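**Student:** Data: entry_4.txt, compact mmCIF, C-alpha atoms.
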```txt
# COMPACT_ATOMS: atom_id res chain seq x y z
CA MET A 1 98.06 91.79 111.14
CA GLU A 2 100.56 92.15 108.36
CA SER A 3 101.16 89.95 105.39
CA TYR A 4 103.93 89.91 102.83
CA ALA A 5 101.42 90.21 99.97
CA GLY A 6 104.07 89.00 97.56
CA ARG A 7 106.19 92.11 97.85
CA VAL A 8 109.95 91.91 97.99
CA LEU A 9 112.79 94.31 98.62
CA LEU A 10 115.74 93.11 96.60
CA ILE A 11 118.87 94.71 97.98
CA ARG A 12 122.62 94.24 97.63
CA ALA A 13 124.42 92.83 100.65
CA ASP A 14 126.89 95.74 100.78
CA LEU A 15 123.97 98.19 101.12
CA VAL A 16 122.50 96.17 103.99
CA GLU A 17 125.90 96.37 105.68
CA GLU A 18 126.05 100.14 105.12
CA ILE A 19 122.67 100.60 106.81
CA ALA A 20 123.67 98.43 109.78
CA ALA A 21 127.04 100.19 110.13
CA HIS A 22 125.39 103.62 110.10
CA ALA A 23 122.88 102.50 112.74
CA ARG A 24 125.69 101.18 114.97
CA ARG A 25 127.70 104.36 114.52
CA ASP A 26 124.86 106.67 115.59
CA HIS A 27 123.52 104.45 118.40
CA PRO A 28 121.94 105.39 120.84
CA ASP A 29 120.52 108.09 118.55
CA GLU A 30 118.45 107.02 115.58
CA ALA A 31 120.26 106.90 112.25
CA CYS A 32 118.50 107.66 108.97
CA GLY A 33 119.13 107.86 105.26
CA VAL A 34 118.11 106.97 101.75
CA ILE A 35 119.21 104.56 99.07
CA ALA A 36 118.40 106.16 95.75
CA GLY A 37 117.88 104.27 92.52
CA PRO A 38 116.82 104.94 88.95
CA GLU A 39 113.19 106.02 88.63
CA GLY A 40 110.98 103.04 87.82
CA SER A 41 113.70 100.46 88.58
CA ASP A 42 112.84 99.63 92.20
CA ARG A 43 116.58 99.00 92.54
CA PRO A 44 118.40 100.62 95.47
CA GLU A 45 121.87 101.70 94.32
CA ARG A 46 123.24 104.93 95.78
CA PHE A 47 123.68 104.93 99.55
CA ILE A 48 123.09 108.36 101.10
CA PRO A 49 123.42 108.49 104.90
CA MET A 50 121.64 111.57 106.26
CA LEU A 51 122.12 113.56 109.42
CA ASN A 52 119.40 113.05 111.99
CA ALA A 53 118.65 116.72 112.70
CA ALA A 54 116.67 115.65 115.79
CA ARG A 55 119.73 113.85 117.25
CA SER A 56 117.37 111.78 119.33
CA PRO A 57 117.08 108.16 120.46
CA THR A 58 113.33 108.27 119.75
CA PHE A 59 112.92 110.49 116.68
CA TYR A 60 114.55 111.19 113.36
CA GLU A 61 114.13 113.99 110.86
CA PHE A 62 116.20 115.04 107.87
CA ASP A 63 117.43 118.63 108.11
CA SER A 64 115.23 120.76 105.82
CA GLY A 65 118.16 122.15 103.83
CA ASP A 66 119.65 118.67 103.41
CA LEU A 67 116.23 117.43 102.29
CA LEU A 68 115.98 120.01 99.51
CA ARG A 69 119.52 119.27 98.29
CA LEU A 70 118.84 115.53 98.39
CA TYR A 71 115.67 115.75 96.29
CA ARG A 72 117.22 118.21 93.81
CA ASP A 73 120.19 115.89 93.41
CA MET A 74 117.96 112.85 92.90
CA ASP A 75 115.85 114.79 90.36
CA ASP A 76 118.97 115.74 88.41
CA ARG A 77 119.96 112.06 88.26
CA ASN A 78 116.44 110.78 87.51
CA GLU A 79 116.46 108.92 90.78
CA VAL A 80 113.87 108.28 93.45
CA PRO A 81 114.27 107.27 97.10
CA VAL A 82 113.89 103.50 96.61
CA VAL A 83 114.75 102.82 100.26
CA ILE A 84 114.22 105.13 103.24
CA TYR A 85 115.89 103.65 106.28
CA HIS A 86 116.14 104.46 109.95
CA SER A 87 117.08 102.71 113.16
CA HIS A 88 115.19 102.00 116.33
CA THR A 89 117.66 101.97 119.17
CA ALA A 90 115.48 100.60 121.98
CA THR A 91 112.56 98.93 120.20
CA GLU A 92 111.94 96.39 117.46
CA ALA A 93 112.48 96.95 113.74
CA HIS A 94 108.85 97.77 113.08
CA PRO A 95 107.29 101.13 112.12
CA SER A 96 106.12 103.12 115.12
CA ARG A 97 102.87 105.06 115.13
CA THR A 98 104.87 108.19 114.34
CA ASP A 99 106.58 106.43 111.43
CA ILE A 100 103.21 105.45 110.03
CA SER A 101 101.61 108.86 110.39
CA LEU A 102 104.57 110.69 108.83
CA ALA A 103 105.36 108.28 105.99
CA SER A 104 105.14 110.27 102.79
CA GLU A 105 106.71 108.14 100.07
CA PRO A 106 104.11 105.54 99.09
CA GLU A 107 106.48 103.89 96.62
CA ALA A 108 109.48 103.61 98.95
CA HIS A 109 110.62 100.59 100.91
CA TYR A 110 110.79 101.70 104.53
CA VAL A 111 113.68 99.73 106.02
CA LEU A 112 114.03 99.56 109.79
CA VAL A 113 116.98 98.19 111.68
CA SER A 114 117.03 97.68 115.41
CA THR A 115 120.14 98.21 117.50
CA ARG A 116 118.44 97.43 120.80
CA ASP A 117 120.16 95.14 123.32
CA GLN A 118 117.92 92.19 122.50
CA ALA A 119 118.15 92.68 118.74
CA GLU A 120 117.48 89.44 116.88
CA PRO A 121 119.43 89.12 113.65
CA ASN A 122 117.46 87.46 110.86
CA HIS A 123 118.62 86.10 107.48
CA THR A 124 120.01 89.57 106.63
CA GLY A 125 122.57 89.21 109.44
CA HIS A 126 120.89 92.08 111.29
CA ASP A 127 117.58 92.84 112.97
CA LEU A 128 116.40 94.46 109.75
CA ARG A 129 112.97 94.43 108.10
CA SER A 130 111.24 96.23 105.26
CA PHE A 131 107.75 97.69 104.95
CA ARG A 132 105.48 99.61 102.64
CA ILE A 133 103.55 102.37 104.35
CA VAL A 134 100.64 103.70 102.29
CA ASP A 135 97.79 105.79 103.69
CA GLY A 136 98.47 104.56 107.21
CA VAL A 137 98.54 100.89 106.19
CA VAL A 138 101.73 98.95 106.91
CA THR A 139 102.63 95.93 104.80
CA GLU A 140 105.75 93.99 105.63
CA GLU A 141 107.68 92.63 102.69
CA GLN A 142 110.39 90.04 102.25
CA VAL A 143 113.97 91.22 102.15
CA GLU A 144 116.03 89.36 99.59
CA VAL A 145 119.74 90.04 99.93
CA VAL A 146 121.83 89.52 96.81
CA GLU A 147 125.52 89.99 96.05
CA THR A 148 124.73 91.72 92.76
CA TYR A 149 121.66 92.77 90.77
CA MET A 150 123.19 91.29 87.61
CA PHE A 151 121.30 88.01 87.74
CA ALA A 152 118.33 89.11 89.79
CA HIS A 153 114.96 89.75 88.20
CA THR A 154 114.96 93.51 88.57
CA GLY A 155 114.00 94.51 85.07
CA ALA A 156 116.69 96.20 83.01
CA ASP A 157 119.90 94.37 83.72
CA ASP A 158 121.85 95.76 80.82
CA VAL A 159 124.06 97.79 83.13
CA PRO A 160 126.36 95.47 85.06
CA ASP A 161 126.64 96.10 88.72
CA ARG A 162 129.77 98.01 89.73
CA ASP A 163 130.72 95.42 92.30
CA ALA A 164 130.14 92.41 90.09
CA SER A 165 133.30 90.34 90.05
CA VAL A 166 132.49 87.75 87.43
CA MET B 1 103.09 136.33 87.09
CA ALA B 2 103.54 132.60 87.06
CA VAL B 3 105.41 130.58 89.60
CA THR B 4 106.47 126.98 89.10
CA VAL B 5 105.53 124.72 91.98
CA SER B 6 107.12 121.27 92.35
CA ILE B 7 104.71 118.76 93.74
CA PRO B 8 105.92 115.77 95.78
CA THR B 9 104.79 112.24 94.87
CA ILE B 10 102.28 112.00 97.69
CA LEU B 11 100.40 115.12 96.55
CA ARG B 12 100.33 114.29 92.84
CA THR B 13 96.90 112.71 93.27
CA HIS B 14 95.73 116.35 93.48
CA THR B 15 97.49 117.40 90.27
CA GLY B 16 96.57 114.53 87.99
CA GLY B 17 100.06 113.08 88.40
CA GLU B 18 101.88 116.27 87.38
CA LYS B 19 105.28 116.77 89.00
CA SER B 20 105.14 120.50 88.63
CA VAL B 21 102.35 122.99 88.05
CA GLU B 22 102.04 126.73 87.56
CA ALA B 23 100.41 129.02 90.06
CA LYS B 24 100.01 132.72 90.80
CA GLY B 25 100.61 134.76 93.90
CA SER B 26 103.01 137.17 95.52
CA THR B 27 103.31 135.21 98.77
CA VAL B 28 103.45 131.51 99.50
CA GLY B 29 99.98 131.73 101.07
CA GLU B 30 98.55 133.23 97.87
CA VAL B 31 100.27 130.60 95.76
CA ILE B 32 98.70 127.86 97.92
CA ASP B 33 95.24 129.45 97.61
CA ASP B 34 95.65 129.66 93.87
CA LEU B 35 96.79 126.02 93.70
CA ASP B 36 93.83 124.93 95.76
CA SER B 37 91.40 126.70 93.41
CA ARG B 38 92.48 124.33 90.63
CA HIS B 39 93.71 121.34 92.62
CA SER B 40 91.07 121.00 95.25
CA GLY B 41 92.16 119.74 98.65
CA ILE B 42 95.84 120.49 98.29
CA ALA B 43 95.79 123.42 100.74
CA GLY B 44 94.48 121.16 103.48
CA ARG B 45 97.55 118.97 103.08
CA LEU B 46 99.91 121.90 103.56
CA VAL B 47 98.29 124.29 105.99
CA ASN B 48 96.86 123.59 109.39
CA ASN B 49 94.98 126.30 111.33
CA GLY B 50 96.49 129.05 109.22
CA SER B 51 100.09 127.95 109.49
CA LEU B 52 102.34 125.59 107.62
CA HIS B 53 101.96 121.97 108.71
CA ARG B 54 104.82 120.96 111.02
CA PHE B 55 105.94 118.12 108.77
CA VAL B 56 105.70 119.88 105.43
CA ASN B 57 108.57 121.94 104.07
CA ILE B 58 108.07 124.64 101.47
CA TYR B 59 110.98 126.39 99.81
CA VAL B 60 111.04 129.52 97.67
CA ASP B 61 114.03 128.89 95.43
CA ASP B 62 116.57 127.63 97.99
CA GLU B 63 115.04 129.13 101.11
CA ASP B 64 112.93 127.23 103.64
CA ILE B 65 109.99 129.57 104.21
CA ARG B 66 110.13 128.90 107.97
CA PHE B 67 113.12 131.21 107.96
CA ALA B 68 111.58 133.72 105.55
CA GLY B 69 108.19 134.69 106.92
CA GLY B 70 106.26 131.44 106.70
CA LEU B 71 103.15 131.66 104.53
CA ASN B 72 103.84 135.41 104.13
CA ALA B 73 107.19 134.66 102.50
CA PRO B 74 107.39 136.67 99.28
CA VAL B 75 107.39 134.90 95.95
CA GLY B 76 109.13 136.76 93.16
CA GLU B 77 108.57 136.55 89.44
CA ASN B 78 109.89 133.31 88.03
CA SER B 79 110.46 131.87 91.50
CA ASN B 80 110.43 128.15 92.00
CA VAL B 81 108.36 126.90 94.88
CA THR B 82 109.20 123.41 96.09
CA ILE B 83 106.99 121.39 98.41
CA LEU B 84 108.60 118.47 100.25
CA PRO B 85 107.09 116.45 103.06
CA ALA B 86 109.50 115.97 105.94
CA VAL B 87 111.30 112.66 106.04
CA ALA B 88 110.81 111.93 109.71
CA GLY B 89 109.54 109.41 112.18
CA GLY B 90 110.02 107.94 115.58
```
Could you express the structure from this file as structure tokens?

**Tutor:**
Amino acid sequence: MESYAGRVLLIRADLVEEIAAHARRDHPDEACGVIAGPEGSDRPERFIPMLNAARSPTFYEFDSGDLLRLYRDMDDRNEVPVVIYHSHTATEAHPSRTDISLASEPEAHYVLVSTRDQAEPNHTGHDLRSFRIVDGVVTEEQVEVVETYMFAHTGADDVPDRDASV
Amino acid sequence: MAVTVSIPTILRTHTGGEKSVEAKGSTVGEVIDDLDSRHSGIAGRLVNNGSLHRFVNIYVDDEDIRFAGGLNAPVGENSNVTILPAVAGG
């Protein structure tokens, strides 16, 4: 059984839409990518769709060269992968056994979106859920969608959001 | 001859939280053995039955060692070795 354990993914609505659009575009293959954010902020900011090198409806894997460039680039910007997302194209938006055994970023929010026929959109507008995966243990967390991080309790809010139209 | 090895988040429990450590060796295999002598258990996370774990990537500078001899890939002086777990799933 999973519990929310008080954890929350706070994410901008435009980033949720980017994930869903990428998943639709690559359907029936799985889509995957990262949303990077400043180290220590837990704030997803920079949307980075990745190529699924497996080009498969049941598996995803970043290309190894792309992976190195991605992590170098994040390092240079003092970013971490705040969100790691991928789609399930025939099953629910829940980590599979493979997802759990291969999860290697204990601090990331693993976001899954389902594009299956019977997908059931939730409050995010999509069949999209978020999980922590640490040492084989899956914990679902709430997804709180916001228009901007400006007024959300995400720590340092001294930098206004780019899309804030106040 | 020291090589700098970047350690991914998930393996930093073996390095006391350090993001990068120094190691010695003229091949990736030797570098891993040297790492394991000071950071016990790390080799077991990278190598499986004498070959690189399927879902671990190791790079010497910009080259994925799978295309450069695997664990026998040469490591030059002042090389950077980067370890990155695959981002993959089903």

**Student:** Considering only C-alpha atoms, can you say which of B:Val21, B:Ile42, B:Leu11, B:Leu35 comes closest to chain A?

**Tutor:**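 With only C-alpha atoms as the atom set, the closest residue is B:Leu11.
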
**Student:** When distances are computed from only C-alpha atoms, which of A:Leu51, A:Leu68, A:Val8, A:Ala20 shows the smallest separation from Ala108 in chain A?

**Tutor:** A:Val8

**Student:** What does the distance from CA of Gly70 in chain B to CA of Leu52 in chain B come to in Å, to one decimal?

**Tutor:**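 Pair CA of Gly70 in chain B / CA of Leu52 in chain B returns 7.1 Å.
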
**Student:** Given all atoms listed in the file as the basis, pick out the residue of B:Thr4, B:Asn78, B:Asn57, B:Ser26 nearest to chain A.

**Tutor:**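 Checking each of B:Thr4, B:Asn78, B:Asn57, B:Ser26 against chain A, counting all atoms listed in the file, the winner is B:Asn57.
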
**Student:** A:Thr58, A:Asn122, A:Thr115, A:Ser41: which is nearest chain B, counting all atoms listed in the file?

**Tutor:**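 Ranked by minimum distance to chain B, first place goes to A:Thr58.
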
**Student:** My list of candidates is B:Ala2, B:His14, B:Lys19, B:Gly44. Which is closest to chain A when distances are computed with only C-alpha atoms?

**Tutor:**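 For chain A, the nearest of the candidates is B:Lys19.
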
**Student:** Specify as a ChimeraX atom specification all residues of chain B found within 12 Å of chain A, counting all atoms listed in the file.

**Tutor:** /B:6-13,19,45,53-67,81-90

**Student:** By how many Å are CA of Asp127 in chain A and CA of Gly37 in chain A apart?

**Tutor:**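 For CA of Asp127 in chain A relative to CA of Gly37 in chain A, the distance reads 23.4 Å.
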
**Student:** Report, in Å with one decimal, the straight-line distance from CA of Ile48 in chain A to CA of Glu79 in chain A.

**Tutor:** 12.3 Å

**Student:** Give me the residues near Ala43 in chain B as a count of residues only, where near means some atom within 8 Å (using all atoms listed in the file) and where sequence neighbours in that chain fewer than 6 positions away do not count.

**Tutor:** 4

**Student:** Mind listing as a compact mmCIF listing (two decimals) with C-alpha atoms, in the coordinates of the input all residues within 6 Å of (96.0, 119.5, 90.8), counting all atoms listed in the file?

**Tutor:**
```txt
# COMPACT_ATOMS: atom_id res chain seq x y z
CA HIS B 14 95.73 116.35 93.48
CA THR B 15 97.49 117.40 90.27
CA GLY B 16 96.57 114.53 87.99
CA ARG B 38 92.48 124.33 90.63
CA HIS B 39 93.71 121.34 92.62
```

**Student:** Taking all atoms listed in the file into account, which of A:Ile11, A:Glu39, A:Thr89, A:Arg24 comes nearest Ser130 in chain A?

**Tutor:**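 Closest candidate: A:Ile11.
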
**Student:** Need the shell around Val145 in chain A: protein/DNA/RNA residues with any atom at most 12 Å away, counting only C-alpha atoms. Skip same-chain ones fewer than 5 positions apart. Format as a PyMOL selection string?

**Tutor:** chain A and resi 8-17+44+122-126+128-130+152
